[in-house]
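Only one structure is covered here, and it is reproduced in the block below.
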Amino acid sequence: MTGLTQHQIIDLLRQNLEAGCGDVLAEAPVHYYQQGAASPPKAAPAQAMQEAPQAEIFPAPQAEVSPAPRAAVPIAKPAPPMAGATELKDAIAMAQKLAAEADTVEALHQAIQDFELCGLKPTAKHCVFQDGIASAKVMLIGEAPGKEEDMEGRPFVGPAGQMLDKMLAAIGLRRDENIYITNIVPWRPPGNRSPSADEIAICQPFVARHIELIQPEILLLAGNIASKTLLGTQVGITKLRGQWQRYQPDAANLEALPMLHPAYVVRRPETKADVWADLCALKAKWRHA
Ligand code: URA
């Protein structure tokens with residue numbers, strides 16, 4: 001017996017849920033901060049249609065709406081200590097070094113799995129690295145794994161992923177044939193919050209190296225975080241979507257197409273027509289790539 005009343009137990013469960021503890025990953029709880037794991041993260045801060053939209057996936061457009069940010073997760077207990085500027089610089093420097101040393105995709109995967117300096121890692125079940133075909137011309141980059149991705153270890157397998165698969169299939173792209181998929185951060189942010197600026201900065205060298213190693217011809221950037229991070233812009237995705245950009249770090253110069261995030265499309269089915277227009281633009285370029 002716990003000695004707690006039914007009401008107290010329900011209150012405790014509710015507090016856990018509000019703190020982002022929504023999933024059971026192991027038999028017993030683990031206090032990662034007491035284990036001396038890496039410091040935890042700071043809180044997160046139309047083109048004309050060429051083909052008729054497929055009725056089931058792409059219904060008629062309606063009024064334009066702005067994407068709602070992911071729901072902030074209320075923190076029920078004091079936030080753990082934040083990484084200092086030096087720790088952040090050191091973590092980025094280490095990520096840059098490990099990324100540069102990785103000369104294959106497999107080596108990069110291993111380097112990320114061994115990397116202990118991102119605060120997202122301790123609370124994630126899996127490092128969600130990639131899915132798809134490494135020789136694909138199109139590389140899609142999303143934001144971060146969610147619950148289903150963390151459980152399975154593959155990107156975009158939850159509801160947003162199912163929507164994504166249908167959208168891509170409509171233009172002939174399939175992850176077992178001709179597209180490669182990854183995310184800006186490989187570990188699930190607790191409670192599905194957005195990754196913080198520090199977490200993104202720490203993981204960015206790995207993403208940049210991942211793109212260098214895959215050598216795609218086109219980047220498809222799903223959502224605000226992927227677009228802003230890789231294009232270095234503050235312009236929001238509703239303005240940027242569907243407009244061809246260039247991804248231009250030192251070693252690359254690639255065509256990049258920002259699109260609405262499939263999770264947003266799941267929440268706002270009226271945006272499917274915008275996505276369809278963007279995918280038609282992608283199809284036209286990819287066929288000639
Ligand atoms: N959303 C993303 O951005 N990536 C995933 O892998 C799943 C959902």
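By convention here, the chains of the structure tokens are called A, B, ... in the order presented, each chain's residues are numbered starting at 1, and ligands are numbered starting at 1 in the order presented.
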
Please, which residues in chain A fall within 8 Å of ligand 1 when counting only C-alpha atoms and all ligand atoms, and what is the closest atom pair and distance in Å to one decimal for each, ordered by chain then residue number, as CSV?
```
residue,atom,partner,partner_atom_place_in_ligand_line,distance
A:Val128,CA,ligand 1,6 (O),7.5
A:Ile141,CA,ligand 1,3 (O),7.5
A:Gly142,CA,ligand 1,3 (O),3.8
A:Glu143,CA,ligand 1,3 (O),3.5
A:Ala144,CA,ligand 1,4 (N),4.4
A:Pro145,CA,ligand 1,6 (O),4.0
A:Gly146,CA,ligand 1,7 (C),5.1
A:Glu148,CA,ligand 1,7 (C),7.9
A:Glu149,CA,ligand 1,6 (O),5.8
A:Arg154,CA,ligand 1,6 (O),6.9
A:Pro155,CA,ligand 1,6 (O),3.5
A:Phe156,CA,ligand 1,6 (O),3.8
A:Val157,CA,ligand 1,7 (C),6.6
A:Gly158,CA,ligand 1,7 (C),6.6
A:Ala160,CA,ligand 1,8 (C),5.8
A:Gly161,CA,ligand 1,7 (C),6.1
A:Thr182,CA,ligand 1,6 (O),7.0
A:Asn183,CA,ligand 1,4 (N),5.7
A:Ile184,CA,ligand 1,3 (O),7.8
A:Ala222,CA,ligand 1,3 (O),7.0
A:Gly223,CA,ligand 1,3 (O),7.5
A:His261,CA,ligand 1,3 (O),7.1
A:Pro262,CA,ligand 1,1 (N),7.5
A:Ala263,CA,ligand 1,1 (N),6.6
```

Can you spit out the residues from that selection as a CSV table (one decimal), in the first residue's frame, using N, CA and C atoms?
```
chain,number,residue,atom,x,y,z
A,128,VAL,N,17.2,8.7,-32.9
A,128,VAL,CA,16.5,8.5,-34.2
A,128,VAL,C,17.3,9.2,-35.3
A,141,ILE,N,14.4,16.9,-44.2
A,141,ILE,CA,14.8,17.1,-42.8
A,141,ILE,C,13.7,17.7,-42.0
A,142,GLY,N,13.3,17.0,-40.9
A,142,GLY,CA,12.2,17.4,-40.1
A,142,GLY,C,12.8,18.1,-38.8
A,143,GLU,N,12.0,18.1,-37.8
A,143,GLU,CA,12.4,18.8,-36.6
A,143,GLU,C,13.0,17.9,-35.5
A,144,ALA,N,12.2,17.1,-34.9
A,144,ALA,CA,12.7,16.2,-33.8
A,144,ALA,C,11.8,15.0,-33.7
A,145,PRO,N,12.3,13.9,-33.2
A,145,PRO,CA,11.4,12.7,-33.1
A,145,PRO,C,10.3,13.0,-32.1
A,146,GLY,N,9.1,12.4,-32.3
A,146,GLY,CA,8.1,12.5,-31.3
A,146,GLY,C,8.0,11.2,-30.5
A,148,GLU,N,6.2,8.3,-30.9
A,148,GLU,CA,6.3,7.1,-31.7
A,148,GLU,C,7.7,6.9,-32.3
A,149,GLU,N,8.3,7.9,-32.8
A,149,GLU,CA,9.6,7.8,-33.3
A,149,GLU,C,10.6,7.4,-32.3
A,154,ARG,N,12.8,5.3,-35.5
A,154,ARG,CA,12.8,5.7,-36.9
A,154,ARG,C,12.1,7.1,-37.0
A,155,PRO,N,12.6,8.0,-37.9
A,155,PRO,CA,11.9,9.3,-38.0
A,155,PRO,C,10.5,9.1,-38.7
A,156,PHE,N,9.6,10.0,-38.3
A,156,PHE,CA,8.3,10.2,-39.0
A,156,PHE,C,7.6,8.8,-39.2
A,157,VAL,N,7.3,8.2,-38.0
A,157,VAL,CA,6.5,7.0,-38.1
A,157,VAL,C,5.1,7.2,-37.3
A,158,GLY,N,4.9,8.3,-36.7
A,158,GLY,CA,3.7,8.6,-36.0
A,158,GLY,C,2.6,9.2,-36.9
A,160,ALA,N,2.1,12.2,-37.9
A,160,ALA,CA,2.7,13.2,-38.9
A,160,ALA,C,3.4,12.4,-40.0
A,161,GLY,N,4.1,11.3,-39.6
A,161,GLY,CA,4.8,10.5,-40.5
A,161,GLY,C,3.9,9.8,-41.5
A,182,THR,N,15.7,12.6,-42.3
A,182,THR,CA,16.3,12.7,-40.9
A,182,THR,C,15.7,13.9,-40.2
A,183,ASN,N,16.2,14.3,-39.1
A,183,ASN,CA,15.7,15.4,-38.3
A,183,ASN,C,16.8,16.4,-37.9
A,184,ILE,N,16.5,17.5,-37.4
A,184,ILE,CA,17.4,18.5,-36.9
A,184,ILE,C,18.0,18.0,-35.6
A,222,ALA,N,11.1,20.4,-43.7
A,222,ALA,CA,9.7,20.3,-43.1
A,222,ALA,C,9.6,21.2,-41.9
A,223,GLY,N,8.9,22.3,-42.0
A,223,GLY,CA,8.6,23.1,-40.8
A,223,GLY,C,9.6,24.2,-40.5
A,261,HIS,N,5.2,21.7,-42.0
A,261,HIS,CA,5.5,20.5,-41.3
A,261,HIS,C,4.2,19.6,-41.4
A,262,PRO,N,4.4,18.3,-41.7
A,262,PRO,CA,3.2,17.4,-41.7
A,262,PRO,C,2.4,17.4,-40.5
A,263,ALA,N,3.0,17.6,-39.3
A,263,ALA,CA,2.2,17.6,-38.1
A,263,ALA,C,1.3,18.8,-38.1
```

Report as a tab-separated table: every residue of stretch 137-168 of chain A with an atom at most 12 Å from stretch 268-288 of chain A, its closest pair of atoms, and their distance in Å to one decimal, counting only C-alpha atoms, with rows sorted by chain and ascending residue number.
```
residue	atom	partner	partner_atom	distance
A:Lys137	CA	A:Trp286	CA	7.4
A:Val138	CA	A:Trp286	CA	7.4
A:Met139	CA	A:Trp286	CA	11.0
A:Leu140	CA	A:Leu282	CA	11.4
A:Ala160	CA	A:Arg268	CA	11.7
A:Met163	CA	A:Lys272	CA	10.2
A:Leu164	CA	A:Val275	CA	10.3
A:Lys166	CA	A:Trp276	CA	11.1
A:Met167	CA	A:Trp276	CA	7.7
A:Leu168	CA	A:Leu279	CA	7.7
```

Same residues, N, CA and C atoms, saved as a compact mmCIF listing (two decimals), in the first residue's frame:
```
# COMPACT_ATOMS: atom_id res chain seq x y z
N LYS A 137 18.10 11.38 -54.26
CA LYS A 137 18.39 12.77 -54.64
C LYS A 137 17.73 13.75 -53.67
N VAL A 138 16.64 13.31 -53.05
CA VAL A 138 15.89 14.20 -52.16
C VAL A 138 16.13 13.78 -50.71
N MET A 139 16.54 14.76 -49.87
CA MET A 139 16.75 14.51 -48.44
C MET A 139 15.78 15.38 -47.68
N LEU A 140 14.90 14.77 -46.92
CA LEU A 140 13.93 15.53 -46.12
C LEU A 140 14.45 15.70 -44.70
N ALA A 160 2.09 12.22 -37.92
CA ALA A 160 2.67 13.16 -38.90
C ALA A 160 3.41 12.39 -39.98
N MET A 163 1.02 10.92 -42.48
CA MET A 163 0.60 11.98 -43.40
C MET A 163 1.71 12.27 -44.40
N LEU A 164 2.94 12.34 -43.90
CA LEU A 164 4.08 12.61 -44.77
C LEU A 164 4.21 11.55 -45.86
N LYS A 166 1.96 9.70 -47.17
CA LYS A 166 0.90 9.85 -48.19
C LYS A 166 1.19 11.03 -49.10
N MET A 167 1.66 12.13 -48.51
CA MET A 167 1.95 13.32 -49.31
C MET A 167 3.07 13.03 -50.30
N LEU A 168 4.11 12.35 -49.82
CA LEU A 168 5.25 12.06 -50.70
C LEU A 168 4.86 11.06 -51.79
```

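The gap separating atom CA of A:Ser194 from atom CA of A:Arg246 is 24.4 Å, in Å to one decimal.
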
Take atom CA of A:Leu260 and atom CA of A:His126 and report the distance between them in Å, one decimal.
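Separation between atom CA of A:Leu260 and atom CA of A:His126: 25.6 Å.
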